[in-house]
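Novice: Sending over a structure as structure tokens; questions will come in a sec.
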Amino acid sequence: EGGPVVVTHLHTPMPGSSPQAESGEIFFMVGGERAALVTVQPLLDVVGRLTMFVGPSGTGNRIKLLHNALGAVNAVAVAESLALCTKLGVDPRTYYDVVCKGGGMAYSTYFDRRATRIVDGNYDATFTVELMHKDVALAAQMAGADLAHMPILAQTLAAYTEAKARWPTQDFSGVTHVIEQRFGVSVSGPARG
């Protein structure tokens with residue numbers, strides 16, 4: 001009876017973490033066959049704010065790893081900036097206000113959401129060091145031989161490897177502790193966890 005059953009696979013990795021999932025603000029990057037998206041779009045609309053078709057199967061996963069690796073690079077850069085800020089005797093809250101309100105190119109969503117949490121010593125996880133390490137390691141693996149041309153990603157992986165050994169369950173901003181140790185300063189007080 002009837003013809004063969006047709007099965008179509010879509011994958012929908014999502015940037016964001018617990019707060020976005022709980023508020024229904026998740027963004028779906030859909031890979032697979034574009035025509036099949038019409039069938040599942042109503043379901044995705046219930047739990048997310050935006051759906052974007054990104055290409056054939058596997059593309060969403062690649063973009064997700066690229067996205068998280070860039071976020072991890074940003075986390076390490078912010079940690080270094082806050083550590084130097086502290087070492088130079090600059091009030092980190094004043095620095096935060098300048099970066100967030102000044103309109104310069106240093107602003108990032110990560111800086112906005114994490115810098116004051118770091119200064120307050122709040123490393124309650126929405127996405128753990130361990131999970132970020134996994135994604136950075138997968139991004140480095142995905143880069144293959146091109147990792148030799150990506151010293152920033154390689155150094156970010158090294159920092160997350162150190163952080164994973166000591167603070168795996170902290171928020172991924174916990175990589176700050178590695179940078180604090182390198183600088184010999186405490187941006188946020190003693191490391192917890």
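Order determines the names: the first chain of the structure tokens is A, the second B, and so forth; residues in each chain are numbered 1 upward, and ligands are numbered 1 upward as they are shown.
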Near A:Leu10, within 8 Å and counting only C-alpha atoms, which residues show up once chain neighbours fewer than 3 positions away are dropped, as a VMD selection string?
Specialist: chain A and resid 30 to 33 36 to 37 57
Novice: Print the selection's residues with all heavy atoms to a file, as a PDB file, in the first residue's frame.
Specialist:
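Contents of out_12.pdb, freshly written:
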ATOM      1  N   VAL A  30      19.377  25.711  10.773  1.00  0.00           N
ATOM      2  CA  VAL A  30      18.898  24.455  10.208  1.00  0.00           C
ATOM      3  C   VAL A  30      19.714  24.072   8.984  1.00  0.00           C
ATOM      4  O   VAL A  30      19.864  24.862   8.053  1.00  0.00           O
ATOM      5  CB  VAL A  30      17.403  24.556   9.820  1.00  0.00           C
ATOM      6  CG1 VAL A  30      16.912  23.247   9.218  1.00  0.00           C
ATOM      7  CG2 VAL A  30      16.564  24.940  11.036  1.00  0.00           C
ATOM      8  N   GLY A  31      20.219  22.850   9.010  1.00  0.00           N
ATOM      9  CA  GLY A  31      20.922  22.293   7.865  1.00  0.00           C
ATOM     10  C   GLY A  31      20.187  21.071   7.358  1.00  0.00           C
ATOM     11  O   GLY A  31      19.535  20.370   8.125  1.00  0.00           O
ATOM     12  N   GLY A  32      20.293  20.841   6.083  1.00  0.00           N
ATOM     13  CA  GLY A  32      19.619  19.700   5.462  1.00  0.00           C
ATOM     14  C   GLY A  32      18.975  20.121   4.162  1.00  0.00           C
ATOM     15  O   GLY A  32      19.504  20.969   3.439  1.00  0.00           O
ATOM     16  N   GLU A  33      17.807  19.553   3.890  1.00  0.00           N
ATOM     17  CA  GLU A  33      17.074  19.917   2.671  1.00  0.00           C
ATOM     18  C   GLU A  33      16.121  21.063   2.984  1.00  0.00           C
ATOM     19  O   GLU A  33      15.235  20.943   3.831  1.00  0.00           O
ATOM     20  CB  GLU A  33      16.294  18.712   2.154  1.00  0.00           C
ATOM     21  CG  GLU A  33      17.198  17.603   1.646  1.00  0.00           C
ATOM     22  CD  GLU A  33      16.406  16.437   1.074  1.00  0.00           C
ATOM     23  OE1 GLU A  33      15.333  16.690   0.473  1.00  0.00           O
ATOM     24  OE2 GLU A  33      16.859  15.308   1.254  1.00  0.00           O
ATOM     25  N   ALA A  36      12.301  20.618   3.349  1.00  0.00           N
ATOM     26  CA  ALA A  36      11.786  19.918   4.527  1.00  0.00           C
ATOM     27  C   ALA A  36      11.571  20.862   5.706  1.00  0.00           C
ATOM     28  O   ALA A  36      10.814  20.550   6.635  1.00  0.00           O
ATOM     29  CB  ALA A  36      12.739  18.802   4.933  1.00  0.00           C
ATOM     30  N   LEU A  37      12.191  22.018   5.674  1.00  0.00           N
ATOM     31  CA  LEU A  37      12.064  22.966   6.782  1.00  0.00           C
ATOM     32  C   LEU A  37      10.620  23.424   6.977  1.00  0.00           C
ATOM     33  O   LEU A  37      10.180  23.640   8.104  1.00  0.00           O
ATOM     34  CB  LEU A  37      12.983  24.170   6.561  1.00  0.00           C
ATOM     35  CG  LEU A  37      12.962  25.263   7.617  1.00  0.00           C
ATOM     36  CD1 LEU A  37      13.255  24.701   9.013  1.00  0.00           C
ATOM     37  CD2 LEU A  37      13.958  26.358   7.261  1.00  0.00           C
ATOM     38  N   SER A  57      23.186  19.412   4.869  1.00  0.00           N
ATOM     39  CA  SER A  57      23.420  18.696   6.121  1.00  0.00           C
ATOM     40  C   SER A  57      24.872  18.848   6.568  1.00  0.00           C
ATOM     41  O   SER A  57      25.792  18.707   5.781  1.00  0.00           O
ATOM     42  CB  SER A  57      23.086  17.214   5.926  1.00  0.00           C
ATOM     43  OG  SER A  57      23.180  16.531   7.145  1.00  0.00           O
TER      44      SER A  57
END
Novice: For A:Gly24, work out the shell of residues within 7 Å, counting only C-alpha atoms and skipping chain neighbours fewer than 6 positions away, then give it as a PyMOL selection string.
Specialist: chain A and resi 47-49
Novice: Might you pull out every residue within 8 Å of stretch 130-135 of chain A, with only C-alpha atoms counted and same-chain residues fewer than 6 positions away left off, and present them as a PyMOL selection string?
Specialist: chain A and resi 65+68-69+72+157+160-161+164+168-169+172
Novice: Could you save those same residues with N, CA, C and O atoms as a PDB file, in the first residue's frame?
Specialist:
ATOM      1  N   LEU A  65      30.130  25.235  15.723  1.00  0.00           N
ATOM      2  CA  LEU A  65      31.490  25.117  16.251  1.00  0.00           C
ATOM      3  C   LEU A  65      32.302  26.381  15.991  1.00  0.00           C
ATOM      4  O   LEU A  65      33.044  26.840  16.865  1.00  0.00           O
ATOM      5  N   ASN A  68      30.959  29.009  18.528  1.00  0.00           N
ATOM      6  CA  ASN A  68      31.419  28.797  19.898  1.00  0.00           C
ATOM      7  C   ASN A  68      32.917  29.031  20.027  1.00  0.00           C
ATOM      8  O   ASN A  68      33.375  29.551  21.045  1.00  0.00           O
ATOM      9  N   ALA A  69      33.691  28.667  19.010  1.00  0.00           N
ATOM     10  CA  ALA A  69      35.130  28.923  19.063  1.00  0.00           C
ATOM     11  C   ALA A  69      35.397  30.426  19.093  1.00  0.00           C
ATOM     12  O   ALA A  69      36.260  30.895  19.850  1.00  0.00           O
ATOM     13  N   ALA A  72      34.659  31.624  22.509  1.00  0.00           N
ATOM     14  CA  ALA A  72      35.725  31.235  23.433  1.00  0.00           C
ATOM     15  C   ALA A  72      36.935  32.145  23.285  1.00  0.00           C
ATOM     16  O   ALA A  72      37.548  32.547  24.283  1.00  0.00           O
ATOM     17  N   LEU A 157      42.400  27.171  22.870  1.00  0.00           N
ATOM     18  CA  LEU A 157      42.274  25.757  23.241  1.00  0.00           C
ATOM     19  C   LEU A 157      43.196  25.440  24.421  1.00  0.00           C
ATOM     20  O   LEU A 157      42.777  24.756  25.357  1.00  0.00           O
ATOM     21  N   TYR A 160      41.580  26.826  27.585  1.00  0.00           N
ATOM     22  CA  TYR A 160      40.433  26.024  28.018  1.00  0.00           C
ATOM     23  C   TYR A 160      40.852  24.640  28.497  1.00  0.00           C
ATOM     24  O   TYR A 160      40.200  24.060  29.368  1.00  0.00           O
ATOM     25  N   THR A 161      41.936  24.119  27.972  1.00  0.00           N
ATOM     26  CA  THR A 161      42.442  22.836  28.464  1.00  0.00           C
ATOM     27  C   THR A 161      42.894  22.993  29.923  1.00  0.00           C
ATOM     28  O   THR A 161      42.589  22.138  30.765  1.00  0.00           O
ATOM     29  N   LYS A 164      39.689  23.496  32.087  1.00  0.00           N
ATOM     30  CA  LYS A 164      38.916  22.256  32.248  1.00  0.00           C
ATOM     31  C   LYS A 164      39.509  21.372  33.346  1.00  0.00           C
ATOM     32  O   LYS A 164      38.771  20.697  34.068  1.00  0.00           O
ATOM     33  N   PRO A 168      36.004  22.639  35.631  1.00  0.00           N
ATOM     34  CA  PRO A 168      35.188  22.146  34.507  1.00  0.00           C
ATOM     35  C   PRO A 168      33.710  22.506  34.586  1.00  0.00           C
ATOM     36  O   PRO A 168      33.056  22.647  33.549  1.00  0.00           O
ATOM     37  N   THR A 169      33.170  22.648  35.796  1.00  0.00           N
ATOM     38  CA  THR A 169      31.720  22.877  35.923  1.00  0.00           C
ATOM     39  C   THR A 169      31.349  24.349  36.053  1.00  0.00           C
ATOM     40  O   THR A 169      30.167  24.682  36.118  1.00  0.00           O
ATOM     41  N   PHE A 172      31.687  29.037  31.327  1.00  0.00           N
ATOM     42  CA  PHE A 172      32.854  29.080  30.447  1.00  0.00           C
ATOM     43  C   PHE A 172      33.702  30.336  30.639  1.00  0.00           C
ATOM     44  O   PHE A 172      34.867  30.376  30.254  1.00  0.00           O
TER      45      PHE A 172
END
Novice: Could you tell me which of A:His67, A:Arg113, A:Arg93, A:Lys87 comes closest to A:Ala139 if we count only C-alpha atoms?
Specialist: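 Distance minimum relative to A:Ala139 lands on A:His67.
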Novice: Please determine, counting only C-alpha atoms, which residue among A:Gln181, A:Gln170, A:Thr86, A:Gly71 has the shortest atom-to-atom distance to A:Phe127.
Specialist: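 Looking only at the distances to A:Phe127, the closest residue turns out to be A:Gln170.
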Novice: Taking the chain letters and numbering used in this document, name the residues of chain A that DSSP puts in helix (DSSP H, G or I), as a PyMOL selection string.
Specialist: chain A and resi 18-23+34-47+59-87+92-101+109-120+129-149+151-166+172-183
Novice: If we count only C-alpha atoms and set the cut-off at 8 Å, which residues sit around stretch 60-63 of chain A, ignoring sequence neighbours fewer than 6 positions away in its own chain? Please answer as a CSV table (one decimal) with C-alpha atoms, in the first residue's frame.
Specialist:
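So the final result, stored in result-v2.csv, reads:
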chain,number,residue,atom,x,y,z
A,11,HIS,CA,19.7,19.2,12.1
A,12,THR,CA,19.2,22.3,14.2
A,13,PRO,CA,22.2,23.3,16.4
A,29,MET,CA,20.5,27.1,12.4
A,30,VAL,CA,18.9,24.5,10.2
A,31,GLY,CA,20.9,22.3,7.9
A,54,VAL,CA,22.2,27.6,6.6
Novice: At what distance in Å, to one decimal, does atom CA of A:Glu80 lie from atom CA of A:Ile118?
Specialist: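 Result for atom CA of A:Ile118 versus atom CA of A:Glu80: 12.0 Å, one decimal.
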Novice: Mind listing the strand (DSSP E) residues of chain A, per DSSP on the backbone, as a list in words?
Specialist: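 Taking chain A and keeping strand (DSSP E) gives Leu10, His11, Ile26, Phe27, Phe28, Met29, Val30, Gly31, Gly32, Gly48, Arg49, Leu50, Thr51, Met52, Phe53, Val54 and Gly55 of chain A.
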Novice: List the neighbours of A:Ala158 out to 10 Å using only C-alpha atoms; skip same-chain residues closer than 4 positions along the sequence, and give me the result as an MDAnalysis selection string.
Specialist: chainID A and resid 133 136:137 152:154 162:164 178
Novice: May I ask which of the residues A:Arg182, A:Ser108, A:His149, A:Ser81 is the closest one to A:Tyr95, counting only C-alpha atoms?
Specialist: A:Ser81
